[in-house]
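Have a look at the structure below, then the notes.
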Amino acid sequence: MDSDLSPQDKKDLDKFIKFFALKTVQVIVQARLGEKVCTRSLSSPTGSDWFNLAIKDIPEVTHESKKALAGQLPGIERSMCVEISLKTSEGDSMELETWCLEMNEKCDRDIKVSYTVYNRMSLLLKSLLAITRVTPAYKLSRKQGHDYVILYRIYFGEVQLTGLGEGFQTVRVGVVGTPIGTITLSCAYRTNLAFMSTRAPGEDEGAYNGVEDSQEVCTTSFSTSPPSQMGVPGKEGGVPQQVPVQPCHGAQAEHRRVSSCPPADHVPATPSSSGEDAETSSRSVGVKSGSPCGLLETTFTRKVGAFVNKPGTKVTTASLDLPFAAFAPRAYDLEENDPMVQPPESSATSSPLQGSLHSQGSGESGGPAQDDFVMVDFKPAFSKDDLLPMDLGTFYREFQNPPQLTSLTIDVSSQSMAEDLDALPEKLAVYEKNIDEFDAFVDTLQ
Amino acid sequence: MNCRSEALEVSVEGRQVDEAMLALLHTILLHRSTGKFHYKKEGTYSIGTVGTQDIDCDFIDFSFVRVSSDELDRAIRKAVGEFKDAMGNGMDGMGQISLEFYQKKKSRWPFSDECIPWEVWSIKVNVVNLANEQERQICREKVGEKLGEKVINIVEVINRHEYLPKMPTQSEVDNVFDTSLKDVQPYLYKITFQITDTLGSSVSTTMRRLIKDTLAL
């Protein structure tokens, strides 16, 4: 395999591959920093610009890359991957894309290392610059800040794409044939952006490295499609919750430079600065011990939309056997405090009539039901409060509580009913006597 | 030598024409430009460094990378501006802008140098007029996505590593590269365009046909 390659060529090729890998990582990470990249062209070579391209070297990124490579080079079945993920200020994270630098066995023995391979690597880096601005994560990374940040993780070895959800897309950036194999550079990116909680309790600083922080969550980027069946390891009975990402009131998170750890570690915990503890704690799914029914009980908290007062209630699975139980009438004590039902007390009544009508009404009906709804300041729609003595509002108020009909009042009716019953036989006798008259009347009608 | 020909097609709104064309032309030129060559005595040469910069579009949800060269940018903008003017303002129309990379072949006197194209990129543009702001907003996003797809297409073609002119000696460098710029060195290129009126016929092709027919007589 390598026997055709001269020692100098082999040495050059290894050096090219190493620096190509380092520059690839720089381009990808810099493209996800959230800022526009700008480097100057120099007509005279400085001797330090690999592949004749002005790509800055961020020291931390170089350090991470070298650490991941650990003295090895990308080769056959030794791929170098850069994983880009999004993490919200509440600690939820989601993998967005994975860039893979791989090598396959297809060799191009005739290719000139110092010239063609080098130039093609330069071309591939230019393609990478172009493609990194085209995948969906670019727009997300440009808008990162208060509510979410973009993180990167470099790993070496086998490519892992399971975290990208269902239906992820792949775009090939390009290939470079070399005498020892063909280098391919590609990107697999997530298309299903439905958010799910992936936080584990008691997390420590881990593998992810902060890239940049800035601003608002772009809720429009997240779809309402159901989350994929990704089980959170180590959580018995846990169900990944679909949490629509909302604008949070997080405090400014500082720029993080976290050292990397082996891939098995958890995502670093973010201080929850929003103060919405009920939401934060309830999002982790756990097992309640000592529950009355002895079953595994999971706690859900309804996510609230913007501008809605938080219900502050936790609905357990036990109470959820009724369909739409969540919408069932709430406990009476809640209703008492609901401002929609109990309007605030107002001292002023807008019309002198109102008071008198009320007392009349309540006396006759015998119930305080109408007092529950106090029309404080009634301004009917489409009415003009002008100079007419009787405007719509006054009219309404005056005739709001009309007196009961006498025939329908209980006292009178009960009396008349008894009388009627007594008088009934007499009436029947009279009608029987006049039966001929009635028959004649009916005949005239026909 | 066969000339490689690639075609791209985009539909844009009137005010997006400039940025869409700049995005695609600059993406191609990014891949077809090198640093300045500096020839040394022994026949070897060193290459300058190409810088890049991100450009955000104002009328399209899209960002692209171009070579950091104001001179090159000015030349491309000038060509795109002429294309846009020729397309007219506010009217639906179709046009095509072509970016052709060529090599010069010196001919003996009295014949002038031959220009032999080795790669031609044709970008067909459909200009649409939109009625309201909502449609324009949708168009912003849609055109952004389409341009992304076109960039992927361009990169795909480039990475096939098909014919590229041989690296020239010092005396031949002007036959392969445009050495007039101070900071970068693109392959020799020219930008042409043709406008199709709404009836679908091309004015310049008609003219060309007329001339050919006249010469054939």
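Just so we're on the same page: first chain in the structure tokens is A, next is B, and so on; residues restart at 1 for each chain, and ligands are numbered from 1 in the order they show up.
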
Based on the backbone DSSP call, show me all residues of region 14-203 of chain B assigned strand (DSSP E), as a PyMOL selection string. chain B and resi 33-35+37-39+45-47+52-56+63-67+93-105+114-128+184-186+189-196

Show me which bits of chain A are within 8 Å of chain B, counting only C-alpha atoms, as an MDAnalysis selection string. chainID A and resid 36:46 49 52:55 123:124 126:127 129:131 133:135 171:175

Would you mind reading off the distance between CA of Pro7 (chain A) and CA of Gly71 (chain A), one decimal, in Å?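 So the two atoms, CA of Pro7 (chain A) and CA of Gly71 (chain A), lie 19.3 Å apart.
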
In Å to one decimal, how far is CA of Phe101 (chain B) from CA of Thr169 (chain B)?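 Going from CA of Thr169 (chain B) over to CA of Phe101 (chain B) covers 18.8 Å.
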
Can you work out which one of A:Thr132, A:Thr98, A:Asn401, A:Thr184 has the shortest atom-to-atom distance to Arg153 (chain A), counting only C-alpha atoms?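 The closest residue to Arg153 (chain A) is A:Thr98.
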
Can you pull out every residue within 10 Å of Leu5 (chain A), counting only C-alpha atoms, but drop anything in the same chain fewer than 2 positions away, and send it as a PDB file with C-alpha atoms, in the first residue's frame?
```
ATOM      1  CA  MET A   1       0.000   0.000   0.000  1.00  0.00           C
ATOM      2  CA  ASP A   2       2.450   2.649   1.118  1.00  0.00           C
ATOM      3  CA  SER A   3       5.347   1.021  -0.698  1.00  0.00           C
ATOM      4  CA  PRO A   7       9.424   8.546   2.506  1.00  0.00           C
ATOM      5  CA  GLN A   8       9.335  12.268   1.816  1.00  0.00           C
ATOM      6  CA  ASP A   9       5.944  11.998   0.197  1.00  0.00           C
ATOM      7  CA  LYS A  10       4.640   9.906   3.070  1.00  0.00           C
ATOM      8  CA  LYS A  11       5.930  12.435   5.541  1.00  0.00           C
ATOM      9  CA  LEU A  13       1.089  13.464   3.223  1.00  0.00           C
ATOM     10  CA  ARG A 109      -1.499   5.963  -6.378  1.00  0.00           C
ATOM     11  CA  ASP A 110      -0.625   8.226  -9.277  1.00  0.00           C
ATOM     12  CA  LYS A 112       1.150  13.890  -6.777  1.00  0.00           C
ATOM     13  CA  VAL A 113       1.164  14.509  -3.060  1.00  0.00           C
ATOM     14  CA  PRO A 179      -2.115   7.315  -2.310  1.00  0.00           C
ATOM     15  CA  ILE A 180      -3.173   5.882   1.051  1.00  0.00           C
TER      16      ILE A 180
END
```

Long-range neighbours of Tyr102 (chain B) as a PyMOL selection string, 10 Å cut-off, only C-alpha atoms, 5 positions minimum in chain: chain B and resi 3+114-120+165+175-177+187-190

Applying 12 Å and only C-alpha atoms, which residues near Lys23 (chain A) remain after dropping the ones on its own chain fewer than 3 positions away? List them as JSON, numbers by chain. {"A": [16, 17, 18, 19, 20, 26, 27, 28, 29, 30, 49, 50, 51, 52, 53, 54, 55, 56, 57, 58, 59, 61, 62, 65, 66, 101, 121, 122, 124, 125, 126, 128, 129]}

Interatomic distance between CA of Val127 (chain B) and CA of Ala7 (chain B)? 17.0 Å

DSSP on the backbone, then: every residue of region 40-193 of chain B marked alpha helix (DSSP H), written as a PyMOL selection string. chain B and resi 70-87+133-158+173-176
